[in-house]
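K.L.:
Before we start, here is the structure in question, set down as structure tokens.
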Amino acid sequence: EALPVCKRVRPYVDEIIIVHNYPVIKQVKSEFDDLDATLHYVDWKEDFSYKRTQYIRKTGEIAVLKGYDKNKLWMLISDTDEFPSINLLQNLQKITTKAELQGSTVCTVNVHDIFIKGEGTSNPFTFIPRPLEDIDKSEIISQNIGSYYKELLVKYQDKLAYRGKVHHTLSGTGLRNMAAAK
């Protein structure tokens with residue numbers, strides 16, 4: 001499920017880190033290797049916040065191993081059903097630079113919820129996330145392009161963590177939000 005998102009963001013980021021909770025078959029592992037992505041396994045524990053916090057921890061470890069200054073790193077954190085727009089990806093550097101100038105450590109991004117046929121039904125289906133531009137209009141059941149902004153761009157810090165079992169609440173030292181342009 002993460003491959004389509006990884007392929008989309010690869011040209012715009014320095015590292016891709018996948019935190020997963022199930023075995024990856026050899027063919028899929030090969031595709032992640034082709035993207036120079038790091039796969040990191042964690043026990044599920046029925047805790048979304050724990051898993052998301054592992055993104056952060058693994059990012060810090062990789063930064064140290066590769067000689068990056070982890071205190072200057074920005075992370076684009078997303079789930080497999082979240083597709084960043086091309087506009088967002090093309091402007092990551094500009095957005096994070098603006099945030100740095102304003103002293104912000106979190107950039108919230110306008111979220112568009114799109115429900116397509118086959119998702120959320122009791123019938124078996126294979127979930128394959130796709131960007132909006134690849135979804136035929138006849139597949140869309142509903143879409144909400146609202147005013148909700150989600151914390152998707154986050155500056156690394158050692159004490160950064162997610163709290164809560166269902167809704168992810170980011171906690172850390174001196175977090176300051178900046179909303180990216182809609």
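Residues are referred to by chain and number: the chain letter is A, B, ... according to the order shown in the structure tokens, the number counts from 1 in that chain, and ligands are numbered separately from 1 in the order shown.
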At a cut-off of 9 Å, can you tabulate as a tab-separated table every residue of region 73-119 of chain A near region 13-20 of chain A together with its closest atom pair and the distance in Å to one decimal, using only C-alpha atoms and ordering rows by chain then number?
P.N.:
```
residue	atom	partner	partner_atom	distance
A:Leu76	CA	A:Val13	CA	8.7
A:Leu89	CA	A:Val13	CA	8.6
A:Leu92	CA	A:Val13	CA	8.7
```
K.L.:
Could you take the residues named above and write them with N, CA and C atoms, as a PDB file, in the first residue's frame?
P.N.:
```pdb
ATOM      1  N   LEU A  76       7.958  14.633   6.134  1.00  0.00           N
ATOM      2  CA  LEU A  76       6.613  14.591   5.552  1.00  0.00           C
ATOM      3  C   LEU A  76       6.039  13.269   6.034  1.00  0.00           C
ATOM      4  N   LEU A  89       4.328  18.855  -3.015  1.00  0.00           N
ATOM      5  CA  LEU A  89       5.664  18.253  -3.155  1.00  0.00           C
ATOM      6  C   LEU A  89       6.650  19.213  -3.818  1.00  0.00           C
ATOM      7  N   LEU A  92       7.829  21.877  -1.125  1.00  0.00           N
ATOM      8  CA  LEU A  92       8.272  21.486   0.207  1.00  0.00           C
ATOM      9  C   LEU A  92       9.382  22.389   0.736  1.00  0.00           C
TER      10      LEU A  92
END
```
K.L.:
Considering only alpha helix (DSSP H) as DSSP defines it on the backbone, what residues of chain A qualify? List them as number ranges by chain.
P.N.:
A: 3-9, 26-34, 48-66, 86-90, 92-102
K.L.:
Between A:Tyr162, A:Tyr41, A:Tyr156, A:Phe48, single out the one closest to Lys72 (chain A), counting only C-alpha atoms.
P.N.:
A:Tyr156
K.L.:
Choose the residue, out of A:Leu35, A:Asn144, A:Ser171, A:Ile77, that has the smallest atom-to-atom separation from Pro11 (chain A); count only C-alpha atoms.
P.N.:
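Closest to Pro11 (chain A), using only C-alpha atoms: A:Leu35.
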K.L.:
So which residues touch Leu88 (chain A) within 12 Å, counting only C-alpha atoms, skipping near sequence neighbours fewer than 2 positions away, as a PDB file with N, CA and C atoms, in the first residue's frame?
P.N.:
```
ATOM      1  N   ARG A   8       5.540   8.463  -5.628  1.00  0.00           N
ATOM      2  CA  ARG A   8       5.123   9.847  -5.874  1.00  0.00           C
ATOM      3  C   ARG A   8       6.070  10.845  -5.205  1.00  0.00           C
ATOM      4  N   VAL A   9       6.483  10.578  -3.968  1.00  0.00           N
ATOM      5  CA  VAL A   9       7.287  11.557  -3.232  1.00  0.00           C
ATOM      6  C   VAL A   9       8.786  11.443  -3.505  1.00  0.00           C
ATOM      7  N   TYR A  12      11.159  14.249  -4.563  1.00  0.00           N
ATOM      8  CA  TYR A  12      11.109  15.487  -3.790  1.00  0.00           C
ATOM      9  C   TYR A  12      11.717  15.384  -2.399  1.00  0.00           C
ATOM     10  N   VAL A  13      12.152  14.180  -1.996  1.00  0.00           N
ATOM     11  CA  VAL A  13      12.662  14.002  -0.635  1.00  0.00           C
ATOM     12  C   VAL A  13      14.032  13.335  -0.657  1.00  0.00           C
ATOM     13  N   LEU A  76       7.958  14.633   6.134  1.00  0.00           N
ATOM     14  CA  LEU A  76       6.613  14.591   5.552  1.00  0.00           C
ATOM     15  C   LEU A  76       6.039  13.269   6.034  1.00  0.00           C
ATOM     16  N   PHE A  83      -2.276  10.992  -0.083  1.00  0.00           N
ATOM     17  CA  PHE A  83      -1.452  11.341  -1.229  1.00  0.00           C
ATOM     18  C   PHE A  83      -1.170  12.826  -1.235  1.00  0.00           C
ATOM     19  N   PRO A  84       0.087  13.227  -1.073  1.00  0.00           N
ATOM     20  CA  PRO A  84       0.399  14.649  -1.173  1.00  0.00           C
ATOM     21  C   PRO A  84       0.233  15.118  -2.617  1.00  0.00           C
ATOM     22  N   SER A  85      -0.301  16.309  -2.773  1.00  0.00           N
ATOM     23  CA  SER A  85      -0.464  16.854  -4.121  1.00  0.00           C
ATOM     24  C   SER A  85       0.906  17.180  -4.713  1.00  0.00           C
ATOM     25  N   ILE A  86       0.951  17.203  -6.018  1.00  0.00           N
ATOM     26  CA  ILE A  86       2.193  17.579  -6.702  1.00  0.00           C
ATOM     27  C   ILE A  86       2.581  19.005  -6.314  1.00  0.00           C
ATOM     28  N   GLN A  90       6.200  19.925  -4.845  1.00  0.00           N
ATOM     29  CA  GLN A  90       7.082  20.865  -5.535  1.00  0.00           C
ATOM     30  C   GLN A  90       7.464  22.057  -4.663  1.00  0.00           C
ATOM     31  N   ASN A  91       6.689  22.301  -3.617  1.00  0.00           N
ATOM     32  CA  ASN A  91       6.933  23.468  -2.769  1.00  0.00           C
ATOM     33  C   ASN A  91       7.401  23.118  -1.360  1.00  0.00           C
ATOM     34  N   LEU A  92       7.829  21.877  -1.125  1.00  0.00           N
ATOM     35  CA  LEU A  92       8.272  21.486   0.207  1.00  0.00           C
ATOM     36  C   LEU A  92       9.382  22.389   0.736  1.00  0.00           C
ATOM     37  N   GLN A  93      10.392  22.638  -0.074  1.00  0.00           N
ATOM     38  CA  GLN A  93      11.514  23.475   0.362  1.00  0.00           C
ATOM     39  C   GLN A  93      11.046  24.889   0.696  1.00  0.00           C
ATOM     40  N   LYS A  94      10.216  25.442  -0.145  1.00  0.00           N
ATOM     41  CA  LYS A  94       9.702  26.794   0.072  1.00  0.00           C
ATOM     42  C   LYS A  94       8.869  26.861   1.362  1.00  0.00           C
ATOM     43  N   ILE A  95       8.029  25.866   1.585  1.00  0.00           N
ATOM     44  CA  ILE A  95       7.169  25.845   2.770  1.00  0.00           C
ATOM     45  C   ILE A  95       7.999  25.714   4.045  1.00  0.00           C
ATOM     46  N   THR A  96       8.948  24.782   4.043  1.00  0.00           N
ATOM     47  CA  THR A  96       9.749  24.573   5.257  1.00  0.00           C
ATOM     48  C   THR A  96      10.684  25.755   5.519  1.00  0.00           C
ATOM     49  N   CYS A 107       4.144  22.268  10.001  1.00  0.00           N
ATOM     50  CA  CYS A 107       3.354  22.883   8.932  1.00  0.00           C
ATOM     51  C   CYS A 107       2.117  22.023   8.727  1.00  0.00           C
ATOM     52  N   THR A 108       0.979  22.628   8.897  1.00  0.00           N
ATOM     53  CA  THR A 108      -0.257  21.900   8.657  1.00  0.00           C
ATOM     54  C   THR A 108      -0.641  22.058   7.190  1.00  0.00           C
ATOM     55  N   VAL A 109      -1.267  21.017   6.648  1.00  0.00           N
ATOM     56  CA  VAL A 109      -1.585  20.971   5.224  1.00  0.00           C
ATOM     57  C   VAL A 109      -3.082  20.739   5.059  1.00  0.00           C
ATOM     58  N   ASN A 110      -3.710  21.494   4.155  1.00  0.00           N
ATOM     59  CA  ASN A 110      -5.135  21.347   3.867  1.00  0.00           C
ATOM     60  C   ASN A 110      -5.410  19.938   3.329  1.00  0.00           C
ATOM     61  N   VAL A 111      -6.376  19.265   3.936  1.00  0.00           N
ATOM     62  CA  VAL A 111      -6.691  17.884   3.596  1.00  0.00           C
ATOM     63  C   VAL A 111      -7.997  17.816   2.818  1.00  0.00           C
ATOM     64  N   LEU A 152       1.268  17.452   8.759  1.00  0.00           N
ATOM     65  CA  LEU A 152       1.970  16.509   7.885  1.00  0.00           C
ATOM     66  C   LEU A 152       3.448  16.843   7.701  1.00  0.00           C
ATOM     67  N   LEU A 153       3.831  18.084   7.845  1.00  0.00           N
ATOM     68  CA  LEU A 153       5.241  18.484   7.751  1.00  0.00           C
ATOM     69  C   LEU A 153       5.714  18.860   9.146  1.00  0.00           C
ATOM     70  N   ALA A 180       0.271  25.705   5.803  1.00  0.00           N
ATOM     71  CA  ALA A 180       0.735  25.876   4.427  1.00  0.00           C
ATOM     72  C   ALA A 180      -0.426  26.478   3.623  1.00  0.00           C
ATOM     73  N   ALA A 181      -0.120  27.149   2.543  1.00  0.00           N
ATOM     74  CA  ALA A 181      -1.151  27.749   1.698  1.00  0.00           C
ATOM     75  C   ALA A 181      -2.115  26.665   1.227  1.00  0.00           C
ATOM     76  N   LYS A 182      -3.400  26.991   1.156  1.00  0.00           N
ATOM     77  CA  LYS A 182      -4.419  26.024   0.772  1.00  0.00           C
ATOM     78  C   LYS A 182      -4.165  25.529  -0.631  1.00  0.00           C
TER      79      LYS A 182
END
```
K.L.:
If DSSP is run on the backbone, what residues of region 7-164 of chain A are strand (DSSP E or B)? A reply as a CSV table (one decimal) with N, CA, C and O atoms, in the first residue's frame would be ideal.
P.N.:
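Okay, this is what ended up in states.csv:
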```
chain,number,residue,atom,x,y,z
A,16,ILE,N,13.3,8.0,2.3
A,16,ILE,CA,11.9,7.5,2.5
A,16,ILE,C,12.1,6.4,3.6
A,16,ILE,O,12.9,5.5,3.5
A,17,ILE,N,11.3,6.5,4.6
A,17,ILE,CA,11.3,5.5,5.7
A,17,ILE,C,9.9,5.0,5.8
A,17,ILE,O,8.9,5.7,6.0
A,18,ILE,N,9.8,3.7,5.7
A,18,ILE,CA,8.5,3.0,5.8
A,18,ILE,C,8.5,2.2,7.2
A,18,ILE,O,9.3,1.4,7.4
A,19,VAL,N,7.5,2.5,8.0
A,19,VAL,CA,7.3,1.8,9.2
A,19,VAL,C,6.1,0.9,9.0
A,19,VAL,O,5.0,1.3,8.7
A,20,HIS,N,6.4,-0.4,9.1
A,20,HIS,CA,5.3,-1.4,8.8
A,20,HIS,C,5.2,-2.4,9.9
A,20,HIS,O,6.1,-2.6,10.7
A,37,ALA,N,14.4,3.2,-0.3
A,37,ALA,CA,13.6,3.3,0.9
A,37,ALA,C,14.1,2.4,2.0
A,37,ALA,O,14.6,1.3,1.7
A,38,THR,N,14.0,2.9,3.2
A,38,THR,CA,14.3,2.1,4.4
A,38,THR,C,13.0,1.5,5.0
A,38,THR,O,12.1,2.2,5.3
A,39,LEU,N,13.0,0.2,5.1
A,39,LEU,CA,11.9,-0.5,5.7
A,39,LEU,C,12.2,-0.8,7.2
A,39,LEU,O,13.3,-1.3,7.5
A,40,HIS,N,11.3,-0.4,8.1
A,40,HIS,CA,11.5,-0.6,9.5
A,40,HIS,C,10.2,-1.3,10.1
A,40,HIS,O,9.1,-0.8,10.0
A,41,TYR,N,10.4,-2.5,10.7
A,41,TYR,CA,9.3,-3.3,11.2
A,41,TYR,C,9.1,-2.9,12.7
A,41,TYR,O,10.1,-2.8,13.4
A,74,TRP,N,13.3,18.0,8.2
A,74,TRP,CA,11.8,18.1,8.2
A,74,TRP,C,11.3,16.8,7.7
A,74,TRP,O,11.9,16.2,6.8
A,75,MET,N,10.2,16.3,8.2
A,75,MET,CA,9.6,15.1,7.8
A,75,MET,C,8.2,15.3,7.2
A,75,MET,O,7.4,16.1,7.8
A,76,LEU,N,8.0,14.6,6.1
A,76,LEU,CA,6.6,14.6,5.6
A,76,LEU,C,6.0,13.3,6.0
A,76,LEU,O,6.4,12.2,5.6
A,106,VAL,N,6.0,22.9,12.9
A,106,VAL,CA,5.0,22.1,12.3
A,106,VAL,C,4.3,22.9,11.2
A,106,VAL,O,3.9,24.0,11.4
A,107,CYS,N,4.1,22.3,10.0
A,107,CYS,CA,3.4,22.9,8.9
A,107,CYS,C,2.1,22.0,8.7
A,107,CYS,O,2.2,20.8,8.4
A,108,THR,N,1.0,22.6,8.9
A,108,THR,CA,-0.3,21.9,8.7
A,108,THR,C,-0.6,22.1,7.2
A,108,THR,O,-0.4,23.1,6.6
A,109,VAL,N,-1.3,21.0,6.6
A,109,VAL,CA,-1.6,21.0,5.2
A,109,VAL,C,-3.1,20.7,5.1
A,109,VAL,O,-3.7,19.9,5.7
A,110,ASN,N,-3.7,21.5,4.2
A,110,ASN,CA,-5.1,21.3,3.9
A,110,ASN,C,-5.4,19.9,3.3
A,110,ASN,O,-4.7,19.5,2.4
A,111,VAL,N,-6.4,19.3,3.9
A,111,VAL,CA,-6.7,17.9,3.6
A,111,VAL,C,-8.0,17.8,2.8
A,111,VAL,O,-9.0,18.5,3.2
A,112,HIS,N,-8.0,17.0,1.8
A,112,HIS,CA,-9.2,16.8,1.0
A,112,HIS,C,-9.6,15.3,1.1
A,112,HIS,O,-8.8,14.4,0.8
A,113,ASP,N,-10.8,15.0,1.7
A,113,ASP,CA,-11.2,13.7,1.9
A,113,ASP,C,-12.0,13.2,0.7
A,113,ASP,O,-13.0,13.8,0.3
A,114,ILE,N,-11.6,12.1,0.1
A,114,ILE,CA,-12.2,11.6,-1.1
A,114,ILE,C,-12.6,10.1,-0.9
A,114,ILE,O,-11.7,9.3,-0.6
A,115,PHE,N,-13.8,9.8,-0.9
A,115,PHE,CA,-14.3,8.4,-0.7
A,115,PHE,C,-14.6,7.8,-2.1
A,115,PHE,O,-15.5,8.3,-2.8
A,116,ILE,N,-13.9,6.7,-2.4
A,116,ILE,CA,-14.2,6.1,-3.7
A,116,ILE,C,-14.8,4.7,-3.6
A,116,ILE,O,-14.7,4.1,-2.5
A,140,ILE,N,-15.8,8.3,-7.7
A,140,ILE,CA,-15.9,9.1,-6.5
A,140,ILE,C,-17.3,9.1,-6.0
A,140,ILE,O,-18.3,9.4,-6.7
A,141,ILE,N,-17.4,8.7,-4.8
A,141,ILE,CA,-18.7,8.6,-4.1
A,141,ILE,C,-19.0,10.0,-3.5
A,141,ILE,O,-20.1,10.6,-3.6
A,142,SER,N,-18.0,10.5,-2.8
A,142,SER,CA,-18.1,11.8,-2.2
A,142,SER,C,-16.7,12.4,-2.0
A,142,SER,O,-15.7,11.7,-1.9
A,143,GLN,N,-16.7,13.7,-1.9
A,143,GLN,CA,-15.4,14.4,-1.6
A,143,GLN,C,-15.7,15.6,-0.8
A,143,GLN,O,-16.7,16.3,-1.0
A,144,ASN,N,-14.8,15.9,0.2
A,144,ASN,CA,-14.9,17.0,1.0
A,144,ASN,C,-13.6,17.8,0.9
A,144,ASN,O,-12.5,17.4,1.4
A,145,ILE,N,-13.6,18.9,0.2
A,145,ILE,CA,-12.5,19.8,0.2
A,145,ILE,C,-12.8,21.0,1.1
A,145,ILE,O,-13.4,21.9,0.8
A,146,GLY,N,-12.4,20.8,2.3
A,146,GLY,CA,-12.8,21.7,3.4
A,146,GLY,C,-11.7,22.5,3.9
A,146,GLY,O,-10.7,22.8,3.3
A,147,SER,N,-11.8,22.9,5.2
A,147,SER,CA,-10.9,23.8,5.8
A,147,SER,C,-10.0,23.1,6.8
A,147,SER,O,-9.3,23.7,7.6
A,148,TYR,N,-10.1,21.7,6.9
A,148,TYR,CA,-9.3,21.0,7.8
A,148,TYR,C,-7.8,20.9,7.4
A,148,TYR,O,-7.5,20.7,6.3
A,149,TYR,N,-6.9,21.2,8.4
A,149,TYR,CA,-5.5,21.2,8.1
A,149,TYR,C,-4.9,20.1,9.1
A,149,TYR,O,-5.2,20.1,10.3
A,150,LYS,N,-4.0,19.2,8.5
A,150,LYS,CA,-3.4,18.2,9.3
A,150,LYS,C,-1.9,18.4,9.4
A,150,LYS,O,-1.3,18.9,8.5
A,151,GLU,N,-1.3,18.0,10.5
A,151,GLU,CA,0.1,18.1,10.8
A,151,GLU,C,0.9,17.1,10.0
A,151,GLU,O,1.2,16.0,10.5
A,152,LEU,N,1.3,17.5,8.8
A,152,LEU,CA,2.0,16.5,7.9
A,152,LEU,C,3.4,16.8,7.7
A,152,LEU,O,4.2,16.0,7.4
A,153,LEU,N,3.8,18.1,7.8
A,153,LEU,CA,5.2,18.5,7.8
A,153,LEU,C,5.7,18.9,9.1
A,153,LEU,O,5.2,19.8,9.8
A,154,VAL,N,6.7,18.1,9.6
A,154,VAL,CA,7.1,18.3,11.0
A,154,VAL,C,8.6,18.3,11.1
A,154,VAL,O,9.3,17.5,10.5
A,155,LYS,N,9.1,19.3,11.9
A,155,LYS,CA,10.6,19.4,12.1
A,155,LYS,C,11.0,18.4,13.1
A,155,LYS,O,10.3,18.3,14.2
A,161,ALA,N,6.7,13.1,19.8
A,161,ALA,CA,5.9,11.8,19.9
A,161,ALA,C,4.4,12.1,19.6
A,161,ALA,O,4.0,13.2,19.7
A,162,TYR,N,3.8,11.0,19.2
A,162,TYR,CA,2.3,11.1,19.0
A,162,TYR,C,1.7,10.5,20.3
A,162,TYR,O,2.2,9.6,20.9
A,163,ARG,N,0.5,11.0,20.7
A,163,ARG,CA,-0.2,10.6,21.8
A,163,ARG,C,-1.7,10.3,21.4
A,163,ARG,O,-2.2,10.9,20.5
```
